[in-house]
>>> print(open('final-v3.txt').read())   # compact mmCIF, C-alpha atoms
# COMPACT_ATOMS: atom_id res chain seq x y z
CA MET Z 1 0.00 0.00 0.00
CA ILE Z 2 2.92 2.35 0.68
CA GLU Z 3 5.52 2.41 -2.08
CA VAL Z 4 8.64 4.60 -1.99
CA ARG Z 5 11.01 4.03 -4.91
CA GLY Z 6 14.36 5.77 -5.39
CA VAL Z 7 13.18 8.87 -3.55
CA THR Z 8 15.47 11.82 -2.98
CA LYS Z 9 14.47 15.07 -1.26
CA ARG Z 10 16.75 18.11 -1.27
CA PHE Z 11 16.38 21.41 0.50
CA GLY Z 12 18.81 23.63 -1.35
CA ALA Z 13 22.25 22.06 -1.01
CA ARG Z 14 21.14 19.72 1.79
CA CYS Z 15 20.00 16.19 0.92
CA ALA Z 16 17.50 15.08 3.57
CA VAL Z 17 16.47 11.81 1.87
CA ASP Z 18 18.84 10.00 -0.49
CA ARG Z 19 17.56 7.41 -3.01
CA LEU Z 20 15.31 5.77 -0.44
CA ASP Z 21 13.34 2.58 -1.10
CA LEU Z 22 10.57 1.58 1.31
CA GLU Z 23 7.47 -0.61 1.10
CA VAL Z 24 4.69 -1.30 3.61
CA ARG Z 25 2.17 -3.97 2.64
CA SER Z 26 -1.49 -4.32 3.64
CA GLY Z 27 -1.84 -6.01 7.02
CA GLU Z 28 1.70 -5.08 8.08
CA LEU Z 29 3.00 -2.93 10.94
CA PHE Z 30 6.30 -1.38 9.85
CA ALA Z 31 8.54 0.47 12.34
CA PHE Z 32 10.58 3.27 10.73
CA LEU Z 33 13.66 3.87 12.87
CA GLY Z 34 16.60 6.24 12.83
CA PRO Z 35 18.47 8.85 14.87
CA ASN Z 36 17.44 12.51 14.93
CA GLY Z 37 17.96 14.13 11.54
CA ALA Z 38 17.98 10.80 9.70
CA GLY Z 39 15.21 11.85 7.28
CA LYS Z 40 12.26 10.05 8.86
CA THR Z 41 9.87 12.99 9.18
CA THR Z 42 10.74 14.27 5.70
CA THR Z 43 9.96 10.81 4.31
CA ILE Z 44 6.68 10.69 6.22
CA LYS Z 45 5.64 14.09 4.86
CA MET Z 46 6.27 12.87 1.32
CA ILE Z 47 4.25 9.71 1.98
CA CYS Z 48 1.39 11.90 3.26
CA GLY Z 49 1.57 14.21 0.22
CA LEU Z 50 2.70 17.21 2.28
CA LEU Z 51 6.01 17.39 0.40
CA SER Z 52 6.91 16.38 -3.14
CA PRO Z 53 10.12 14.40 -3.75
CA SER Z 54 12.95 15.99 -5.72
CA SER Z 55 13.14 12.69 -7.61
CA GLY Z 56 11.68 9.22 -7.32
CA ILE Z 57 8.15 7.88 -6.79
CA VAL Z 58 5.84 7.84 -3.76
CA ARG Z 59 2.54 5.98 -4.11
CA ILE Z 60 -0.31 5.11 -1.75
CA GLY Z 61 -2.47 2.22 -2.95
CA GLY Z 62 -1.04 2.72 -6.44
CA ASN Z 63 -1.95 6.44 -6.46
CA GLU Z 64 0.46 9.37 -6.51
CA ALA Z 65 0.90 10.43 -2.88
CA THR Z 66 -0.17 14.03 -3.60
CA SER Z 67 -3.44 12.94 -5.25
CA GLN Z 68 -6.89 13.14 -3.68
CA ALA Z 69 -7.30 9.39 -4.18
CA ALA Z 70 -4.23 8.77 -2.01
CA ARG Z 71 -5.46 11.16 0.70
CA GLN Z 72 -8.76 9.31 0.93
CA LEU Z 73 -6.87 6.11 1.74
CA LEU Z 74 -4.59 7.65 4.35
CA GLY Z 75 -4.76 8.50 8.05
CA TYR Z 76 -1.90 10.59 9.48
CA VAL Z 77 -0.93 11.31 13.09
CA PRO Z 78 1.90 13.90 13.33
CA ASP Z 79 4.39 14.06 16.17
CA GLN Z 80 2.60 17.10 17.61
CA PRO Z 81 -1.23 17.09 17.88
CA TYR Z 82 -2.88 20.11 16.21
CA LEU Z 83 -6.50 20.89 17.04
CA TYR Z 84 -8.73 23.98 16.78
CA ASP Z 85 -8.80 25.40 20.30
CA LYS Z 86 -12.27 26.89 20.01
CA LEU Z 87 -13.90 23.65 18.89
CA THR Z 88 -14.83 20.79 21.17
CA GLY Z 89 -13.34 17.38 20.44
CA ARG Z 90 -16.66 16.19 19.03
CA GLU Z 91 -16.94 19.26 16.77
CA PHE Z 92 -13.41 18.65 15.52
CA LEU Z 93 -14.24 15.04 14.61
CA ARG Z 94 -17.40 16.19 12.81
CA PHE Z 95 -15.31 18.71 10.87
CA VAL Z 96 -12.92 15.92 9.80
CA VAL Z 97 -15.67 13.54 8.64
CA GLU Z 98 -17.23 16.33 6.58
CA MET Z 99 -13.88 16.91 4.87
CA TYR Z 100 -13.79 13.23 3.95
CA GLY Z 101 -17.38 13.37 2.73
CA LEU Z 102 -18.67 10.54 4.92
CA GLU Z 103 -22.40 9.83 4.90
CA PRO Z 104 -23.86 11.53 8.05
CA GLY Z 105 -25.31 8.41 9.65
CA ARG Z 106 -22.12 6.42 9.19
CA ALA Z 107 -20.06 9.38 10.40
CA SER Z 108 -22.06 9.73 13.61
CA ARG Z 109 -21.76 6.02 14.37
CA ARG Z 110 -18.02 6.07 13.72
CA ILE Z 111 -17.49 9.10 15.97
CA LEU Z 112 -19.38 7.43 18.83
CA GLU Z 113 -17.36 4.25 18.34
CA LEU Z 114 -14.03 6.11 18.51
CA ILE Z 115 -15.09 8.14 21.55
CA ASP Z 116 -15.65 4.81 23.26
CA VAL Z 117 -12.44 3.19 21.98
CA PHE Z 118 -10.28 6.07 23.18
CA GLU Z 119 -12.30 6.60 26.38
CA MET Z 120 -12.92 10.28 25.61
CA GLY Z 121 -16.50 10.56 26.89
CA ASP Z 122 -15.59 12.65 29.94
CA TYR Z 123 -14.09 15.52 27.94
CA ILE Z 124 -15.12 15.21 24.27
CA ASP Z 125 -17.65 18.08 24.57
CA GLU Z 126 -15.18 20.47 26.22
CA LEU Z 127 -13.13 22.99 24.21
CA CYS Z 128 -9.86 21.59 22.87
CA GLU Z 129 -7.95 24.48 24.46
CA SER Z 130 -8.60 22.86 27.86
CA TYR Z 131 -7.12 19.47 26.86
CA SER Z 132 -3.89 18.00 28.15
CA GLN Z 133 -1.29 16.72 25.66
CA GLY Z 134 -2.57 13.16 26.08
CA MET Z 135 -6.20 14.17 25.54
CA LYS Z 136 -5.27 16.04 22.37
CA GLN Z 137 -3.33 13.02 21.15
CA ARG Z 138 -6.36 10.75 21.60
CA VAL Z 139 -8.58 13.11 19.59
CA VAL Z 140 -5.96 13.31 16.81
CA PHE Z 141 -5.75 9.51 16.67
CA ALA Z 142 -9.55 9.32 16.44
CA SER Z 143 -9.56 11.90 13.62
CA ALA Z 144 -7.00 9.84 11.68
CA LEU Z 145 -9.15 6.73 11.95
CA VAL Z 146 -12.61 8.20 11.53
CA HIS Z 147 -12.80 7.40 7.79
CA ASP Z 148 -11.44 3.82 8.16
CA PRO Z 149 -8.16 4.42 6.29
CA LYS Z 150 -6.35 1.68 4.44
CA VAL Z 151 -2.99 3.24 5.37
CA LEU Z 152 -2.10 4.67 8.79
CA VAL Z 153 1.07 6.76 9.23
CA VAL Z 154 2.10 7.82 12.73
CA ASP Z 155 5.10 9.93 13.73
CA GLU Z 156 6.26 9.39 17.34
CA PRO Z 157 2.83 8.10 18.39
CA LEU Z 158 3.37 7.73 22.14
CA VAL Z 159 4.64 11.25 22.89
CA GLY Z 160 2.74 12.70 25.84
CA LEU Z 161 0.62 9.62 26.50
CA ASP Z 162 0.14 8.14 29.96
CA PRO Z 163 0.63 4.36 30.30
CA ARG Z 164 -3.08 3.56 29.83
CA SER Z 165 -3.37 5.74 26.71
CA ALA Z 166 -0.17 4.22 25.35
CA ARG Z 167 -1.60 0.72 25.85
CA ILE Z 168 -4.80 1.69 23.99
CA VAL Z 169 -2.78 3.09 21.09
CA LYS Z 170 -0.43 0.08 20.87
CA ASP Z 171 -3.37 -2.33 20.85
CA LEU Z 172 -5.00 -0.20 18.18
CA PHE Z 173 -1.95 -0.39 15.91
CA VAL Z 174 -1.98 -4.16 16.06
CA GLN Z 175 -5.75 -4.30 15.46
CA GLN Z 176 -5.47 -1.98 12.45
CA ALA Z 177 -2.72 -4.07 10.90
CA ARG Z 178 -4.54 -7.34 11.53
CA SER Z 179 -7.66 -5.90 9.89
CA GLY Z 180 -5.66 -5.29 6.69
CA CYS Z 181 -4.43 -1.72 7.19
CA ALA Z 182 -0.83 -0.84 6.29
CA VAL Z 183 0.66 0.83 9.38
CA LEU Z 184 3.90 2.83 9.28
CA MET Z 185 5.14 3.93 12.70
CA SER Z 186 8.13 6.20 13.22
CA THR Z 187 9.46 5.99 16.78
CA HIS Z 188 12.56 6.45 18.91
CA LEU Z 189 11.24 3.86 21.37
CA LEU Z 190 13.05 0.76 20.17
CA ALA Z 191 11.37 -1.48 22.73
CA ILE Z 192 7.97 -0.56 21.22
CA ALA Z 193 9.24 -1.36 17.73
CA GLU Z 194 10.58 -4.70 18.93
CA GLU Z 195 7.28 -5.47 20.66
CA LEU Z 196 4.87 -4.52 17.87
CA ALA Z 197 6.49 -4.43 14.44
CA ASP Z 198 6.26 -7.11 11.77
CA ARG Z 199 9.22 -5.49 10.00
CA VAL Z 200 11.56 -2.60 10.73
CA GLY Z 201 13.54 -0.23 8.55
CA ILE Z 202 16.59 1.60 9.90
CA VAL Z 203 17.53 4.84 8.17
CA ASP Z 204 20.40 7.29 8.67
CA HIS Z 205 21.57 10.27 6.64
CA GLY Z 206 18.50 9.78 4.44
CA ARG Z 207 19.48 6.26 3.37
CA MET Z 208 17.90 2.93 4.25
CA LEU Z 209 20.59 0.94 6.05
CA ALA Z 210 18.60 -2.24 6.67
CA SER Z 211 15.03 -3.48 6.32
CA GLY Z 212 13.30 -6.72 7.30
CA THR Z 213 12.08 -8.65 10.29
CA ILE Z 214 14.23 -8.33 13.39
CA ASP Z 215 15.25 -11.97 13.06
CA GLN Z 216 16.27 -11.38 9.43
CA LEU Z 217 18.38 -8.37 10.39
CA ARG Z 218 20.05 -10.30 13.21
CA SER Z 219 20.90 -13.10 10.81
CA GLU Z 220 22.13 -10.85 7.99
CA LEU Z 221 24.16 -8.61 10.29
CA LYS Z 222 25.35 -11.50 12.51
CA HIS Z 223 24.20 -9.53 15.53
CA HIS Z 224 22.00 -11.44 17.94
CA GLY Z 225 21.48 -8.94 20.74
CA PRO Z 226 18.45 -6.71 21.37
CA LEU Z 227 17.19 -4.27 18.72
CA GLU Z 228 18.87 -1.37 20.52
CA ASP Z 229 22.32 -2.94 20.06
CA LEU Z 230 21.58 -3.76 16.43
CA PHE Z 231 20.38 -0.18 15.83
CA LEU Z 232 23.52 1.33 17.38
CA SER Z 233 25.77 -1.01 15.43
CA LEU Z 234 24.29 0.35 12.20
CA THR Z 235 23.89 4.03 13.03
CA GLY Z 236 26.80 4.44 15.44
CA ASP Z 237 26.69 5.28 19.12
CA HIS Z 238 26.58 9.09 19.08
CA ARG Z 239 27.11 9.54 22.80
CA PRO Z 240 30.07 11.88 23.53
CA PRO Z 241 33.24 10.05 24.57
CA THR Z 242 34.36 10.14 28.18
CA PRO Z 243 37.90 11.38 28.81
CA ALA Z 244 40.55 8.73 29.28
CA GLU Z 245 42.31 8.49 32.61
CA GLY Z 246 44.65 11.45 33.08
CA GLU Z 247 42.93 13.59 30.43
CA GLY Z 248 41.08 16.79 31.14
CA PRO Z 249 37.33 17.32 30.68
CA ILE Z 250 35.62 17.29 27.30
CA ASP Z 251 33.73 20.19 25.73
CA LEU Z 252 30.14 20.11 24.43
CA ALA Z 253 31.31 18.79 21.07
CA GLY Z 254 33.06 15.87 22.74
CA ARG Z 255 36.60 17.25 22.23
CA PRO Z 256 39.12 16.68 25.05
CA GLN Z 257 40.30 19.84 26.83
CA PRO Z 258 43.69 20.25 28.49
CA ALA Z 259 43.89 19.09 32.09
CA GLY Z 260 42.96 21.88 34.46
CA THR Z 261 40.61 23.58 31.98
CA PRO Z 262 37.34 24.57 33.73
CA SER Z 263 34.47 22.38 32.51
>>> encode(input="final-v3.txt", output="structure tokens")
Amino acid sequence: MIEVRGVTKRFGARCAVDRLDLEVRSGELFAFLGPNGAGKTTTIKMICGLLSPSSGIVRIGGNEATSQAARQLLGYVPDQPYLYDKLTGREFLRFVVEMYGLEPGRASRRILELIDVFEMGDYIDELCESYSQGMKQRVVFASALVHDPKVLVVDEPLVGLDPRSARIVKDLFVQQARSGCAVLMSTHLLAIAEELADRVGIVDHGRMLASGTIDQLRSELKHHGPLEDLFLSLTGDHRPPTPAEGEGPIDLAGRPQPAGTPS
């Protein structure tokens, strides 16, 4: 359902995504992993039709990602939830279903169903400006699912969620995939990727370094530890070095300073 072929995205002289290939099939939960600045969010914005690639092809269900046909198939949850402060959660969901052109009876039933799924009944008729981060995130998830998308794209989905909300969302991802939806999840939480994903893709400097099931990657890379160790072996451990014995402190860039230099 998601097809990214030979995609490059440049911003002036900077290449954010470099000849990237990626595929997410129907019924699959794919974890998209990489360090900060690796090109994940830029890739996601191209998949969602918010950016056009400099070269290459991005398709959703066989349709150009920027087309209306692709948008009808897609649900998108960004890393920061954006709502209209002066609408209630219920009014916001009604606004979304009208944009998708859902039949009113079906739309009303779907909204009620999602209010129940995300346990939003206590606050759904209050103004969004009064919501906590976690409440906003639940409403945004509901808005992404209200039209029963065939493709669900989520960027850092568990940011700001309490443990119960996080459990609801994780269960939902699995349910969506098992019902035939193609789910792409970008996350820094490697334990969540290891728990939920059918396949993972690890990207750095805009390039896909490895893609497959975790067992496949362990076999191919001859690395049988946890996903975190495998990830760091591919992308490098970017933690600043500690000074060797007898050396002075290090500066913010990780460079050793002469002994006796104030830190």
>>> closest_residue(input="final-v3.txt", among="Z:Leu112, Z:Val4, Z:Leu29, Z:Glu23", to="Gly180 (chain Z)", atoms="all atoms listed in the file")
Z:Leu29
>>> closest_atom_pairs(input="final-v3.txt", of="region 67-162 of chain Z", to="region 32-40 of chain Z", cutoff="12 Å", atoms="all atoms listed in the file", output="CSV")
residue,atom,partner,partner_atom,distance
Z:Pro78,CA,Z:Lys40,CA,11.9
Z:Asp79,CA,Z:Lys40,CA,11.5
Z:Val153,CA,Z:Phe32,CA,10.2
Z:Val154,CA,Z:Phe32,CA,9.8
Z:Asp155,CA,Z:Lys40,CA,8.7
Z:Glu156,CA,Z:Phe32,CA,10.0
Z:Pro157,CA,Z:Phe32,CA,11.9
>>> residues_around(input="final-v3.txt", residues="region 64-73 of chain Z", least_positions_apart="2", cutoff="7 Å", atoms="only C-alpha atoms", output="ChimeraX atom specification")
/Z:47-49,58-62,149-151
>>> atom_distance(input="final-v3.txt", atom1="CA of Val169 (chain Z)", atom2="CA of Met1 (chain Z)")
21.5 Å
>>> atom_distance(input="final-v3.txt", atom1="CA of Gln137 (chain Z)", atom2="CA of Asp125 (chain Z)")
15.6 Å
>>> residues_near_point(input="final-v3.txt", point="(10.2, 16.2, -3.8)", cutoff="9 Å", atoms="all atoms listed in the file", output="PyMOL selection string")
chain Z and resi 7-10+46+51-56
>>> atom_distance(input="final-v3.txt", atom1="CA of Thr42 (chain Z)", atom2="CA of Leu196 (chain Z)")
23.1 Å
>>> residues_around(input="final-v3.txt", residues="Val96 (chain Z)", least_positions_apart="4", cutoff="10 Å", atoms="all atoms listed in the file", output="PDB file with C-alpha atoms, keeping the file's coordinate frame")
ATOM      1  CA  ARG Z  90     -16.660  16.190  19.030  1.00  0.00           C
ATOM      2  CA  GLU Z  91     -16.940  19.260  16.770  1.00  0.00           C
ATOM      3  CA  PHE Z  92     -13.410  18.650  15.520  1.00  0.00           C
ATOM      4  CA  TYR Z 100     -13.790  13.230   3.950  1.00  0.00           C
ATOM      5  CA  GLY Z 101     -17.380  13.370   2.730  1.00  0.00           C
ATOM      6  CA  LEU Z 102     -18.670  10.540   4.920  1.00  0.00           C
ATOM      7  CA  ALA Z 107     -20.060   9.380  10.400  1.00  0.00           C
ATOM      8  CA  ALA Z 142      -9.550   9.320  16.440  1.00  0.00           C
ATOM      9  CA  SER Z 143      -9.560  11.900  13.620  1.00  0.00           C
ATOM     10  CA  ALA Z 144      -7.000   9.840  11.680  1.00  0.00           C
ATOM     11  CA  VAL Z 146     -12.610   8.200  11.530  1.00  0.00           C
ATOM     12  CA  HIS Z 147     -12.800   7.400   7.790  1.00  0.00           C
TER      13      HIS Z 147
END
